[in-house]
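**Student:** This is upload_25.cif (mmCIF, C-alpha atoms).
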```cif
data_entry
#
loop_
_atom_site.label_atom_id
_atom_site.label_comp_id
_atom_site.auth_asym_id
_atom_site.auth_seq_id
_atom_site.Cartn_x
_atom_site.Cartn_y
_atom_site.Cartn_z
CA MET B 1 0.00 0.00 0.00
CA GLY B 2 1.40 3.41 -1.03
CA ILE B 3 1.01 6.48 1.16
CA TYR B 4 -1.82 7.78 -1.04
CA GLU B 5 -3.79 4.55 -0.59
CA GLU B 6 -3.14 4.68 3.15
CA LEU B 7 -4.49 8.25 3.33
CA ILE B 8 -7.68 7.04 1.63
CA GLU B 9 -7.93 4.06 3.98
CA ARG B 10 -7.60 6.37 6.98
CA GLY B 11 -10.38 8.62 5.67
CA LEU B 12 -8.11 11.63 5.26
CA ILE B 13 -8.61 12.68 1.64
CA ALA B 14 -11.57 14.89 0.73
CA GLN B 15 -10.93 16.48 -2.71
CA VAL B 16 -8.08 16.37 -5.25
CA THR B 17 -7.39 18.16 -8.53
CA ASP B 18 -5.88 15.18 -10.40
CA GLU B 19 -5.98 11.89 -8.51
CA ASN B 20 -3.67 9.89 -10.77
CA GLU B 21 -1.00 12.58 -10.83
CA ILE B 22 -1.17 13.23 -7.09
CA ARG B 23 -1.06 9.49 -6.32
CA ASN B 24 2.05 9.11 -8.48
CA MET B 25 3.78 12.12 -6.93
CA VAL B 26 3.24 11.34 -3.25
CA ASN B 27 3.76 7.58 -3.58
CA ASN B 28 7.12 8.19 -5.26
CA GLY B 29 8.32 11.03 -3.05
CA LYS B 30 8.09 13.62 -5.82
CA ALA B 31 5.90 16.14 -4.04
CA THR B 32 7.19 19.40 -2.63
CA PHE B 33 4.05 20.42 -0.84
CA TYR B 34 2.96 23.25 1.41
CA ILE B 35 0.41 23.79 4.12
CA GLY B 36 -0.33 27.28 5.43
CA PHE B 37 -0.63 28.27 9.09
CA ASP B 38 -1.92 31.74 9.95
CA PRO B 39 -0.48 33.04 13.26
CA THR B 40 -3.78 33.94 14.96
CA ALA B 41 -2.36 32.88 18.36
CA ASP B 42 1.02 32.10 19.92
CA SER B 43 0.36 28.36 19.78
CA LEU B 44 -0.98 25.80 17.34
CA HIS B 45 -4.08 23.90 18.49
CA VAL B 46 -5.98 20.69 17.82
CA GLY B 47 -7.48 22.28 14.71
CA HIS B 48 -3.98 22.16 13.17
CA PHE B 49 -3.46 18.54 14.20
CA MET B 50 -4.67 16.95 10.97
CA ALA B 51 -2.35 19.12 8.87
CA LEU B 52 0.67 18.40 11.06
CA CYS B 53 0.00 14.65 10.98
CA LEU B 54 -0.37 14.77 7.20
CA MET B 55 2.96 16.57 6.86
CA LYS B 56 4.61 13.89 8.99
CA ARG B 57 3.10 11.04 6.98
CA LEU B 58 4.10 12.54 3.64
CA GLN B 59 7.62 13.38 4.80
CA GLN B 60 8.08 9.80 6.00
CA ALA B 61 7.18 8.75 2.43
CA GLY B 62 10.02 10.90 1.02
CA ASN B 63 8.09 14.07 0.15
CA LYS B 64 9.31 17.56 1.10
CA PRO B 65 7.13 19.72 3.37
CA VAL B 66 7.03 23.51 3.21
CA ALA B 67 5.51 25.04 6.34
CA LEU B 68 4.15 28.40 5.22
CA ILE B 69 3.66 30.82 8.09
CA GLY B 70 1.14 33.56 7.33
CA GLY B 71 2.96 36.65 8.52
CA GLY B 72 1.29 38.45 5.61
CA THR B 73 -2.11 36.75 5.30
CA GLY B 74 -2.43 36.88 9.09
CA MET B 75 -2.75 40.66 8.79
CA VAL B 76 -5.99 40.12 6.84
CA GLY B 77 -7.49 36.98 8.40
CA ASP B 78 -9.08 34.00 6.70
CA PRO B 79 -12.89 34.45 6.39
CA SER B 80 -13.49 30.74 5.71
CA GLY B 81 -16.27 29.37 7.90
CA ARG B 82 -16.50 32.60 9.89
CA GLN B 83 -19.59 34.58 10.81
CA ASP B 84 -17.63 37.52 12.18
CA LEU B 85 -14.53 39.53 11.27
CA ARG B 86 -11.37 38.13 12.80
CA LYS B 87 -9.61 40.16 15.48
CA MET B 88 -7.02 42.44 13.91
CA LEU B 89 -3.55 41.66 15.27
CA THR B 90 -0.60 44.03 15.41
CA THR B 91 2.49 43.31 13.33
CA GLU B 92 4.39 42.67 16.57
CA ASP B 93 1.81 40.10 17.73
CA ILE B 94 1.89 38.35 14.36
CA ASP B 95 5.69 38.17 14.31
CA HIS B 96 5.76 36.83 17.87
CA ASN B 97 3.18 34.16 17.05
CA CYS B 98 5.12 33.10 13.95
CA ALA B 99 8.26 32.60 16.04
CA CYS B 100 6.38 30.24 18.40
CA PHE B 101 5.33 27.76 15.71
CA ARG B 102 8.61 26.14 14.65
CA ASP B 103 9.29 24.28 17.91
CA GLN B 104 5.77 22.80 17.95
CA MET B 105 6.04 21.77 14.30
CA SER B 106 9.39 20.10 15.00
CA ARG B 107 7.52 17.48 17.02
CA PHE B 108 5.97 16.33 13.74
CA ILE B 109 8.36 17.16 10.90
CA HIS B 110 12.14 17.37 10.55
CA PHE B 111 13.64 20.64 9.38
CA GLY B 112 16.98 20.67 7.59
CA ASP B 113 18.82 20.83 4.27
CA GLY B 114 18.15 17.32 2.97
CA PRO B 115 15.98 16.54 -0.08
CA SER B 116 12.94 15.63 2.05
CA ASP B 117 13.70 17.91 5.01
CA ALA B 118 11.09 20.52 5.80
CA ILE B 119 11.61 24.24 5.34
CA MET B 120 9.71 27.11 6.92
CA VAL B 121 8.73 30.11 4.83
CA ASN B 122 6.91 33.30 5.86
CA ASN B 123 4.63 34.96 3.31
CA ALA B 124 5.33 38.31 4.98
CA ASP B 125 8.48 38.26 2.83
CA TRP B 126 6.46 38.96 -0.32
CA LEU B 127 3.06 40.22 0.85
CA ARG B 128 3.88 43.05 3.24
CA ASN B 129 5.80 45.18 0.74
CA LEU B 130 3.67 44.69 -2.37
CA ASN B 131 3.11 47.59 -4.71
CA TYR B 132 -0.68 47.76 -4.77
CA ILE B 133 -1.12 49.01 -8.35
CA GLU B 134 1.41 46.57 -9.79
CA PHE B 135 -0.18 43.72 -7.86
CA LEU B 136 -3.66 44.59 -9.14
CA ARG B 137 -2.47 44.75 -12.75
CA ASP B 138 -0.31 41.64 -12.61
CA ILE B 139 -2.28 39.33 -10.29
CA GLY B 140 -5.74 40.85 -9.74
CA SER B 141 -6.48 40.69 -13.46
CA CYS B 142 -6.33 36.88 -13.28
CA PHE B 143 -9.28 36.61 -10.87
CA SER B 144 -13.00 36.68 -11.71
CA VAL B 145 -15.10 38.53 -9.13
CA ASN B 146 -18.18 36.50 -10.12
CA HIS B 147 -16.30 33.28 -9.47
CA MET B 148 -14.89 34.54 -6.16
CA LEU B 149 -18.30 35.58 -4.83
CA ALA B 150 -19.62 32.08 -5.44
CA ALA B 151 -16.80 30.49 -3.42
CA ARG B 152 -17.69 28.47 -0.35
CA CYS B 153 -15.00 30.16 1.75
CA TYR B 154 -16.96 33.45 1.69
CA GLU B 155 -20.39 31.90 2.20
CA GLN B 156 -20.97 32.61 5.90
CA ARG B 157 -19.33 36.03 5.86
CA MET B 158 -21.54 37.10 2.93
CA GLU B 159 -24.57 36.72 5.21
CA LYS B 160 -23.34 39.38 7.63
CA GLY B 161 -21.24 41.49 5.30
CA LEU B 162 -17.94 40.51 3.74
CA THR B 163 -15.36 43.29 4.03
CA PHE B 164 -13.12 44.21 1.10
CA LEU B 165 -10.18 43.34 3.35
CA GLU B 166 -11.38 39.73 3.69
CA PHE B 167 -12.31 39.57 0.01
CA ASN B 168 -8.60 39.85 -0.80
CA TYR B 169 -7.71 36.72 1.16
CA MET B 170 -8.29 34.33 -1.75
CA ILE B 171 -6.07 36.40 -4.03
CA MET B 172 -3.33 36.50 -1.41
CA GLN B 173 -3.46 32.73 -0.84
CA GLY B 174 -3.41 32.11 -4.57
CA TYR B 175 -0.39 34.38 -4.85
CA ASP B 176 1.32 32.41 -2.06
CA PHE B 177 1.11 29.23 -4.13
CA PHE B 178 2.39 31.11 -7.19
CA ARG B 179 5.43 32.39 -5.27
CA LEU B 180 6.17 29.03 -3.65
CA PHE B 181 5.89 27.30 -7.04
CA ASN B 182 8.26 29.84 -8.60
CA ASP B 183 10.74 30.26 -5.76
CA TYR B 184 10.81 26.83 -4.09
CA GLY B 185 9.59 24.37 -6.72
CA CYS B 186 6.49 23.70 -4.62
CA ASN B 187 4.15 21.65 -6.84
CA MET B 188 1.34 20.81 -4.40
CA GLN B 189 -0.80 22.45 -1.74
CA PHE B 190 -2.63 20.61 1.03
CA GLY B 191 -5.16 22.02 3.46
CA GLY B 192 -8.50 21.59 5.16
CA ASP B 193 -11.53 20.96 3.00
CA ASP B 194 -12.87 24.45 3.77
CA GLN B 195 -9.86 25.82 1.85
CA TRP B 196 -10.72 24.21 -1.49
CA SER B 197 -11.73 27.45 -3.26
CA ASN B 198 -8.60 29.25 -2.08
CA MET B 199 -6.39 26.37 -3.17
CA LEU B 200 -7.93 26.22 -6.66
CA ALA B 201 -7.24 29.95 -6.95
CA GLY B 202 -3.55 29.14 -6.64
CA THR B 203 -3.52 26.34 -9.21
CA GLU B 204 -5.43 28.56 -11.66
CA LEU B 205 -3.07 31.49 -11.14
CA ILE B 206 -0.05 29.27 -11.84
CA ARG B 207 -1.71 27.94 -14.98
CA LYS B 208 -2.63 31.43 -16.25
CA LYS B 209 0.70 33.10 -15.44
CA LEU B 210 3.15 30.26 -16.13
CA GLY B 211 1.25 27.77 -18.27
CA LYS B 212 2.16 24.98 -15.85
CA ASP B 213 0.23 22.53 -13.70
CA ALA B 214 0.21 22.55 -9.92
CA HIS B 215 -1.95 20.37 -7.70
CA ALA B 216 -4.15 20.63 -4.62
CA MET B 217 -5.59 18.14 -2.17
CA THR B 218 -7.87 18.80 0.78
CA ILE B 219 -8.01 16.70 3.92
CA THR B 220 -11.16 15.82 5.80
CA LEU B 221 -12.02 18.28 8.57
CA LEU B 222 -11.73 16.90 12.09
CA LEU B 223 -15.40 16.79 13.09
CA ASN B 224 -17.08 14.90 15.91
CA SER B 225 -20.13 12.65 15.49
CA GLU B 226 -22.37 15.73 15.80
CA GLY B 227 -20.67 17.46 12.87
CA LYS B 228 -18.86 20.05 15.02
CA LYS B 229 -15.15 20.81 14.84
CA MET B 230 -13.14 18.96 17.47
CA GLY B 231 -10.66 20.66 19.75
CA LYS B 232 -12.89 22.87 21.90
CA THR B 233 -13.65 22.58 25.61
CA ALA B 234 -15.66 24.62 28.08
CA SER B 235 -12.55 26.66 28.84
CA GLY B 236 -11.56 27.20 25.18
CA ALA B 237 -9.30 25.64 22.55
CA VAL B 238 -7.12 22.59 23.16
CA TRP B 239 -3.62 23.96 22.52
CA LEU B 240 -0.38 22.17 21.66
CA ASP B 241 1.61 24.49 23.96
CA PRO B 242 1.86 22.78 27.38
CA LYS B 243 1.67 26.19 29.08
CA LYS B 244 -1.77 26.78 27.57
CA THR B 245 -3.11 23.20 27.75
CA THR B 246 -1.22 20.89 30.11
CA PRO B 247 -0.21 17.43 28.86
CA TYR B 248 -2.67 16.00 31.40
CA ASP B 249 -5.56 18.12 30.08
CA PHE B 250 -4.54 17.26 26.52
CA TYR B 251 -4.56 13.56 27.43
CA GLN B 252 -7.93 13.91 29.15
CA TYR B 253 -9.49 15.63 26.14
CA TRP B 254 -8.84 12.59 23.96
CA ARG B 255 -9.58 10.11 26.75
CA ASN B 256 -13.06 11.61 27.09
CA ILE B 257 -14.19 11.91 23.46
CA ASP B 258 -17.48 10.30 22.43
CA ASP B 259 -17.48 6.57 21.74
CA ALA B 260 -18.56 7.22 18.15
CA ASP B 261 -15.39 9.23 17.43
CA VAL B 262 -12.72 6.87 18.79
CA ILE B 263 -11.97 4.70 15.75
CA LYS B 264 -12.12 7.66 13.37
CA CYS B 265 -9.56 9.57 15.46
CA LEU B 266 -7.32 6.52 15.75
CA LYS B 267 -7.29 6.21 11.95
CA MET B 268 -6.89 9.89 11.15
CA LEU B 269 -4.50 11.04 13.87
CA THR B 270 -2.37 8.17 15.10
CA PHE B 271 0.37 6.26 13.34
CA LEU B 272 -0.82 2.88 14.60
CA PRO B 273 -1.06 0.24 11.84
CA LEU B 274 -4.50 0.08 10.24
CA ASP B 275 -4.75 -3.66 10.93
CA GLU B 276 -4.33 -2.95 14.65
CA ILE B 277 -7.01 -0.24 14.58
CA LYS B 278 -9.45 -2.42 12.66
CA LYS B 279 -9.33 -5.00 15.47
CA MET B 280 -10.66 -2.29 17.79
CA GLU B 281 -13.74 -1.60 15.63
CA THR B 282 -15.68 -4.37 17.41
CA TRP B 283 -14.64 -3.30 20.91
CA GLU B 284 -17.36 -2.24 23.33
CA GLY B 285 -17.64 -1.21 26.98
CA SER B 286 -14.37 -1.52 28.89
CA GLU B 287 -12.51 -2.48 25.72
CA LEU B 288 -13.66 0.76 24.06
CA ASN B 289 -12.38 2.66 27.09
CA LYS B 290 -9.05 0.93 26.51
CA ALA B 291 -9.11 2.21 22.90
CA LYS B 292 -9.69 5.75 24.21
CA ALA B 293 -6.70 5.39 26.52
CA ILE B 294 -4.57 4.19 23.60
CA LEU B 295 -5.69 7.17 21.51
CA ALA B 296 -4.99 9.63 24.35
CA HIS B 297 -1.51 8.22 25.00
CA GLU B 298 -0.54 8.08 21.32
CA LEU B 299 -1.53 11.70 20.66
CA THR B 300 -0.06 13.04 23.91
CA GLU B 301 3.21 11.29 23.10
CA LEU B 302 3.17 12.74 19.60
CA VAL B 303 2.76 16.32 20.89
CA HIS B 304 4.53 16.26 24.27
CA GLY B 305 6.81 13.21 24.23
CA LYS B 306 6.63 9.79 25.85
CA ASP B 307 7.56 10.92 29.38
CA GLU B 308 4.72 13.45 29.54
CA ALA B 309 2.29 10.96 28.01
CA ASP B 310 3.25 8.35 30.64
CA LYS B 311 2.83 10.92 33.44
CA ALA B 312 -0.57 12.01 32.13
CA GLU B 313 -1.72 8.39 31.91
CA ALA B 314 -0.45 7.64 35.42
CA ALA B 315 -2.14 10.76 36.79
CA ALA B 316 -5.45 9.83 35.17
CA LYS B 317 -5.30 6.32 36.63
CA ALA B 318 -4.32 7.66 40.06
CA VAL B 319 -7.19 10.14 40.13
CA PHE B 320 -9.80 7.54 39.33
CA SER B 321 -8.35 4.93 41.67
CA GLY B 322 -7.88 7.35 44.55
CA ALA B 323 -4.14 6.75 44.55
CA SER B 324 -1.27 9.26 44.62
CA SER B 325 -1.78 12.69 43.04
CA GLU B 326 1.95 12.98 42.23
CA ASN B 327 1.51 13.38 38.47
CA MET B 328 -1.76 15.27 38.62
CA PRO B 329 -1.83 18.70 36.89
CA THR B 330 -1.00 21.37 39.46
CA CYS B 331 -2.20 24.94 39.95
CA GLY B 332 0.02 27.12 42.13
CA ILE B 333 -1.50 29.89 44.27
CA THR B 334 0.87 32.74 45.19
CA ALA B 335 0.83 35.00 48.22
CA ASP B 336 -0.35 37.89 46.02
CA GLU B 337 -3.54 35.94 45.26
CA LEU B 338 -4.45 35.47 48.91
CA SER B 339 -6.76 37.83 50.76
CA ASP B 340 -6.41 37.70 54.55
CA GLY B 341 -4.48 34.47 54.11
CA SER B 342 -7.08 32.64 52.02
CA ILE B 343 -8.53 32.35 48.50
CA ASP B 344 -12.11 31.68 47.44
CA LEU B 345 -13.12 28.54 45.54
CA ILE B 346 -14.46 30.53 42.59
CA SER B 347 -11.03 32.10 42.02
CA ILE B 348 -9.39 28.67 42.28
CA LEU B 349 -11.72 27.21 39.63
CA VAL B 350 -10.98 30.05 37.20
CA LYS B 351 -7.23 30.21 37.90
CA SER B 352 -6.86 26.45 37.42
CA GLY B 353 -8.78 26.46 34.13
CA LEU B 354 -11.46 24.11 35.45
CA CYS B 355 -14.03 26.83 34.66
CA SER B 356 -13.93 29.49 31.96
CA SER B 357 -15.23 32.42 34.07
CA ARG B 358 -16.39 33.33 37.56
CA GLY B 359 -20.00 32.95 36.42
CA ASP B 360 -19.27 29.51 35.01
CA ALA B 361 -17.53 28.55 38.25
CA ARG B 362 -20.41 29.79 40.41
CA ARG B 363 -22.93 27.79 38.37
CA ASN B 364 -20.86 24.61 38.67
CA VAL B 365 -20.52 25.01 42.43
CA GLU B 366 -24.17 25.84 43.10
CA GLN B 367 -25.35 22.96 40.87
CA GLY B 368 -23.23 20.45 42.78
CA GLY B 369 -20.61 19.89 40.11
CA VAL B 370 -17.52 20.70 42.19
CA THR B 371 -15.75 18.43 44.68
CA VAL B 372 -12.80 19.35 46.89
CA GLY B 373 -11.04 16.31 48.27
CA ASP B 374 -13.90 13.91 49.00
CA GLU B 375 -16.43 16.65 49.77
CA LYS B 376 -18.97 18.07 47.32
CA VAL B 377 -18.98 21.87 47.78
CA THR B 378 -22.11 23.90 46.97
CA ASP B 379 -21.18 27.11 48.80
CA SER B 380 -19.84 29.54 46.18
CA LYS B 381 -18.31 31.67 48.96
CA LYS B 382 -16.19 28.84 50.33
CA THR B 383 -12.55 29.82 50.93
CA TYR B 384 -9.31 27.89 51.55
CA SER B 385 -6.46 29.07 53.71
CA LYS B 386 -2.76 29.16 52.97
CA ASP B 387 -2.26 26.34 55.50
CA GLU B 388 -4.74 24.10 53.66
CA LEU B 389 -2.82 24.68 50.41
CA GLN B 390 0.59 23.85 51.91
CA GLY B 391 2.29 20.50 51.25
CA ASP B 392 0.14 18.24 49.08
CA GLY B 393 -2.53 20.95 48.78
CA ILE B 394 -6.11 20.13 47.82
CA VAL B 395 -7.55 18.19 44.89
CA VAL B 396 -10.35 20.08 43.14
CA ARG B 397 -12.64 18.29 40.70
CA ARG B 398 -15.22 19.68 38.25
CA GLY B 399 -17.58 17.00 37.03
CA LYS B 400 -16.28 13.45 36.90
CA LYS B 401 -13.23 13.85 34.69
CA ASN B 402 -11.59 17.25 35.30
CA PHE B 403 -9.08 17.42 38.16
CA VAL B 404 -6.33 19.70 39.41
CA LYS B 405 -4.15 19.75 42.53
CA VAL B 406 -4.05 23.23 44.07
CA ILE B 407 -1.01 24.14 46.18
CA PHE B 408 0.55 27.25 47.70
CA SER B 409 3.66 28.18 45.72
#
```
Do you think you could lay out the structure here as C-alpha cells?
**Tutor:**
Amino acid sequence: MGIYEELIERGLIAQVTDENEIRNMVNNGKATFYIGFDPTADSLHVGHFMALCLMKRLQQAGNKPVALIGGGTGMVGDPSGRQDLRKMLTTEDIDHNCACFRDQMSRFIHFGDGPSDAIMVNNADWLRNLNYIEFLRDIGSCFSVNHMLAARCYEQRMEKGLTFLEFNYMIMQGYDFFRLFNDYGCNMQFGGDDQWSNMLAGTELIRKKLGKDAHAMTITLLLNSEGKKMGKTASGAVWLDPKKTTPYDFYQYWRNIDDADVIKCLKMLTFLPLDEIKKMETWEGSELNKAKAILAHELTELVHGKDEADKAEAAAKAVFSGASSENMPTCGITADELSDGSIDLISILVKSGLCSSRGDARRNVEQGGVTVGDEKVTDSKKTYSKDELQGDGIVVRRGKKNFVKVIFS
C-alpha cells in the first residue's frame, strides 16, 4: 500500500485536482508540498493537528514539506467558515506568534537541508511590501469577481457582510502558491476541506501566469459525530503548547471523546497500523475505554513526548483509583492571590482552568458539580487558607473527569 492509498484508507482525503498525478507524486516522493498556518495565536491547536500529521506522513514517504507561516495573510485573516470579522492583530503580535510555531512543528516534521527535510517560509516576505497598483495589474487581473463571490469560503461572511479586506484573502493565498511554485519548486498544496476554493485559486493562477500545472488536495475536517469541529472545551481551545493546555488536560481531552469518534480519530490522527485499529472496531464497553486510553496516550506522546504521556496516563489512573496525586496537573496559588491568608473557591476554579469564568464557576458550584477532596462543595463563597494549600494541597474536581491539585507556591 502506497502512502496515497493509506491516506484514503484512513479517511483523510476529501478532494483532489488530479488523482492519478497526485497518487504518483506522493507515492514516489516527488511532491514538494505546502500547508499554510496563519499566526492567529502564539500556539498551534488541535485544529492544526490533521495538517501536522499529514505533513509527517508525507515526509516519511520521502516528500518535502514547506511550512508556510502567514505573517502576511495573518494581517488580513481567513474568512473561511466565519460569521464575524477576525480580530485584527498588530504586526508585533503576528511576528511573535510566527516565532512560536517552529518548535511545535518540529515534534511532527524534521527541518533541515536534505531533499525531504522541511523548510519554513513566511509569506510576509512577499506580501507586506507589495506595490498595490502593480499587484492589481499583474495578479488581480487573473481573478474573476463572479467566481470569487460564489466560493464556499466566503459563504458565511456574505450573510453578515464581507469586508473588502477579507475579500482579498483568496487572491493573497493564490499568490502564495504562485510564489512558492516559482521560488521553491512547490508543486502541491494541502489544506483543510474548507480551503478548497482558495487552493484552486492558486492552481489557476499558476496555470494562467506560467502555463504549468500545480496540484491541490484537501483533507477531511476533524469533526465529531455531531458534525462540530473537534478541539474545543468549556474553557476554550485545546492547545499544543503545554503552558496553555497541560499534557494532562490534553490527554484527558482525547480520553473523554465520544465513543462514536474513537476509531475515526485513531485512523486519522495516530500512526498505529491500520490492521491494529481495525481490530478495535468491534470493541465495546471496557474495551472501548481501553481504545480511548490508547488514543490519548498516542496523541499526547506525539505532541509532548513519551515521558509526559506516561505521566498524564499515570495521573489519570491515580485520580480515578484514589491513589497518589503525584503526576496530577498542578495549579500554584501565590501569596499575592491570597486575601487575609485565604482564596475563594471561585477564584481557584478560574485560575486552574477548570471553569472558563467566575459565572461559570459559580454555576458549577451551586449545581453540585464541584468536589474538593472527597467533599462536594455547593457554597460559592467557600474559601481555603494558605495552611490548607501547603504541602500536598487540595484536589479540586469539576464533574467526573476534570481534576487539578491546588497548592501554595
**Student:** Write out as a PyMOL selection string which residues come within 12 Å of Cys186 (chain B) when counting all atoms listed in the file, dropping same-chain ones fewer than 6 positions away.
**Tutor:** chain B and resi 30-35+63-68+118-119+121+176-180+202-203+206+213-216
**Student:** Please, what distance in Å, to one decimal, runs between CA of Asn122 (chain B) and CA of Gly71 (chain B)?
**Tutor:**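 The value is 5.8 Å.
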**Student:** Which residues match the PyMOL selection byres ((chain B and resi 44) around 10) in the file above, as a VMD selection string?
**Tutor:** chain B and resid 37 to 43 45 to 49 52 97 100 to 102 104 to 105 237 to 241
**Student:** Pick out the closest residue to Lys209 (chain B) from this set: B:Gly74, B:Gly359, B:Gly174, B:Gly399. Count all atoms listed in the file.
**Tutor:** B:Gly174
**Student:** Given all atoms listed in the file as the basis, pick out the residue of B:Pro329, B:Gly36, B:Gly29, B:Gly70 nearest to Ser116 (chain B).
**Tutor:** B:Gly29
**Student:** Pull out every residue that the PyMOL selection byres ((chain B and resi 6) around 12) matches in the shown coordinates and put them as a PyMOL selection string.
**Tutor:** chain B and resi 1-5+7-13+23+26-27+54+57-58+61+267-268+271-275
**Student:** Pick from B:Val350, B:Leu338, B:Met120, B:Ile69: nearest to His96 (chain B), with all atoms listed in the file counted?
**Tutor:**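 Ranking B:Val350, B:Leu338, B:Met120, B:Ile69 by distance to His96 (chain B), first place goes to B:Ile69.
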**Student:** What does the PyMOL selection byres ((chain B and resi 224) around 10) select in this file, as a PDB file with C-alpha atoms, in the coordinates of the input?
**Tutor:**
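As written to disk, selection.pdb reads:
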```pdb
ATOM      1  CA  LEU B 221     -12.020  18.280   8.570  1.00  0.00           C
ATOM      2  CA  LEU B 222     -11.730  16.900  12.090  1.00  0.00           C
ATOM      3  CA  LEU B 223     -15.400  16.790  13.090  1.00  0.00           C
ATOM      4  CA  SER B 225     -20.130  12.650  15.490  1.00  0.00           C
ATOM      5  CA  GLU B 226     -22.370  15.730  15.800  1.00  0.00           C
ATOM      6  CA  GLY B 227     -20.670  17.460  12.870  1.00  0.00           C
ATOM      7  CA  LYS B 228     -18.860  20.050  15.020  1.00  0.00           C
ATOM      8  CA  LYS B 229     -15.150  20.810  14.840  1.00  0.00           C
ATOM      9  CA  MET B 230     -13.140  18.960  17.470  1.00  0.00           C
ATOM     10  CA  GLY B 231     -10.660  20.660  19.750  1.00  0.00           C
ATOM     11  CA  ILE B 257     -14.190  11.910  23.460  1.00  0.00           C
ATOM     12  CA  ASP B 258     -17.480  10.300  22.430  1.00  0.00           C
ATOM     13  CA  ALA B 260     -18.560   7.220  18.150  1.00  0.00           C
ATOM     14  CA  ASP B 261     -15.390   9.230  17.430  1.00  0.00           C
ATOM     15  CA  VAL B 262     -12.720   6.870  18.790  1.00  0.00           C
ATOM     16  CA  LYS B 264     -12.120   7.660  13.370  1.00  0.00           C
ATOM     17  CA  CYS B 265      -9.560   9.570  15.460  1.00  0.00           C
TER      18      CYS B 265
END
```
**Student:** Mind pulling up the distance from CA of Ser347 (chain B) to CA of Lys386 (chain B)?
**Tutor:**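 Separation of CA of Lys386 (chain B) and CA of Ser347 (chain B): 14.0 Å.
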**Student:** Provide the CA of Glu166 (chain B) to CA of Gln195 (chain B) distance in Å, to one decimal place.
**Tutor:**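 We find that CA of Glu166 (chain B) and CA of Gln195 (chain B) lie 14.1 Å from each other.
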**Student:** Considering only C-alpha atoms, state which residue in the set B:Ala14, B:Leu345, B:Met25, B:Ile219 is at the smallest distance from Met188 (chain B).
**Tutor:**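 Selected residue with least distance to Met188 (chain B): B:Met25.
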**Student:** Identify the residues within 8 Å of coordinate (-5.2, 40.8, 6.0) (same frame as the file), considering only C-alpha atoms, and give the answer as a compact mmCIF listing (two decimals) with C-alpha atoms, in the coordinates of the input.
**Tutor:**
```txt
# COMPACT_ATOMS: atom_id res chain seq x y z
CA GLY B 72 1.29 38.45 5.61
CA THR B 73 -2.11 36.75 5.30
CA GLY B 74 -2.43 36.88 9.09
CA MET B 75 -2.75 40.66 8.79
CA VAL B 76 -5.99 40.12 6.84
CA GLY B 77 -7.49 36.98 8.40
CA ASP B 78 -9.08 34.00 6.70
CA LEU B 165 -10.18 43.34 3.35
CA GLU B 166 -11.38 39.73 3.69
CA ASN B 168 -8.60 39.85 -0.80
CA TYR B 169 -7.71 36.72 1.16
```
**Student:** What lies within 9 Å of Met328 (chain B) using only C-alpha atoms, ignoring chain neighbours under 5 positions off, as a VMD selection string?
**Tutor:** chain B and resid 248 311 to 312 314 to 316 318 to 319 403 to 405
**Student:** For Thr218 (chain B), which of B:Trp254, B:Phe181, B:Trp196, B:Phe111 is the closest residue, counting only C-alpha atoms?
**Tutor:** B:Trp196
**Student:** Residues within 8 Å of Pro247 (chain B), please, as a ChimeraX atom specification. Count only C-alpha atoms; anything in the same chain fewer than 2 positions from it doesn't count.
**Tutor:** /B:242,245,249-251,300,304,308-309,312
**Student:** Report as JSON, numbers by chain all protein, DNA and RNA residues lying within 10 Å of region 136-149 of chain B, evaluated on all atoms listed in the file, omitting residues in the same chain fewer than 3 positions from it.
**Tutor:** {"B": [130, 131, 132, 133, 152, 153, 154, 155, 158, 162, 167, 168, 170, 171, 172, 174, 175, 178, 197, 198, 201, 204, 205, 206, 208, 209]}
**Student:** Atoms to include: C-alpha atoms. Write the selected residues as a PDB file, in the frame of the given file.
**Tutor:**
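Produced file selection.pdb, reproduced below:
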```
ATOM      1  CA  LEU B 130       3.670  44.690  -2.370  1.00  0.00           C
ATOM      2  CA  ASN B 131       3.110  47.590  -4.710  1.00  0.00           C
ATOM      3  CA  TYR B 132      -0.680  47.760  -4.770  1.00  0.00           C
ATOM      4  CA  ILE B 133      -1.120  49.010  -8.350  1.00  0.00           C
ATOM      5  CA  ARG B 152     -17.690  28.470  -0.350  1.00  0.00           C
ATOM      6  CA  CYS B 153     -15.000  30.160   1.750  1.00  0.00           C
ATOM      7  CA  TYR B 154     -16.960  33.450   1.690  1.00  0.00           C
ATOM      8  CA  GLU B 155     -20.390  31.900   2.200  1.00  0.00           C
ATOM      9  CA  MET B 158     -21.540  37.100   2.930  1.00  0.00           C
ATOM     10  CA  LEU B 162     -17.940  40.510   3.740  1.00  0.00           C
ATOM     11  CA  PHE B 167     -12.310  39.570   0.010  1.00  0.00           C
ATOM     12  CA  ASN B 168      -8.600  39.850  -0.800  1.00  0.00           C
ATOM     13  CA  MET B 170      -8.290  34.330  -1.750  1.00  0.00           C
ATOM     14  CA  ILE B 171      -6.070  36.400  -4.030  1.00  0.00           C
ATOM     15  CA  MET B 172      -3.330  36.500  -1.410  1.00  0.00           C
ATOM     16  CA  GLY B 174      -3.410  32.110  -4.570  1.00  0.00           C
ATOM     17  CA  TYR B 175      -0.390  34.380  -4.850  1.00  0.00           C
ATOM     18  CA  PHE B 178       2.390  31.110  -7.190  1.00  0.00           C
ATOM     19  CA  SER B 197     -11.730  27.450  -3.260  1.00  0.00           C
ATOM     20  CA  ASN B 198      -8.600  29.250  -2.080  1.00  0.00           C
ATOM     21  CA  ALA B 201      -7.240  29.950  -6.950  1.00  0.00           C
ATOM     22  CA  GLU B 204      -5.430  28.560 -11.660  1.00  0.00           C
ATOM     23  CA  LEU B 205      -3.070  31.490 -11.140  1.00  0.00           C
ATOM     24  CA  ILE B 206      -0.050  29.270 -11.840  1.00  0.00           C
ATOM     25  CA  LYS B 208      -2.630  31.430 -16.250  1.00  0.00           C
ATOM     26  CA  LYS B 209       0.700  33.100 -15.440  1.00  0.00           C
TER      27      LYS B 209
END
```
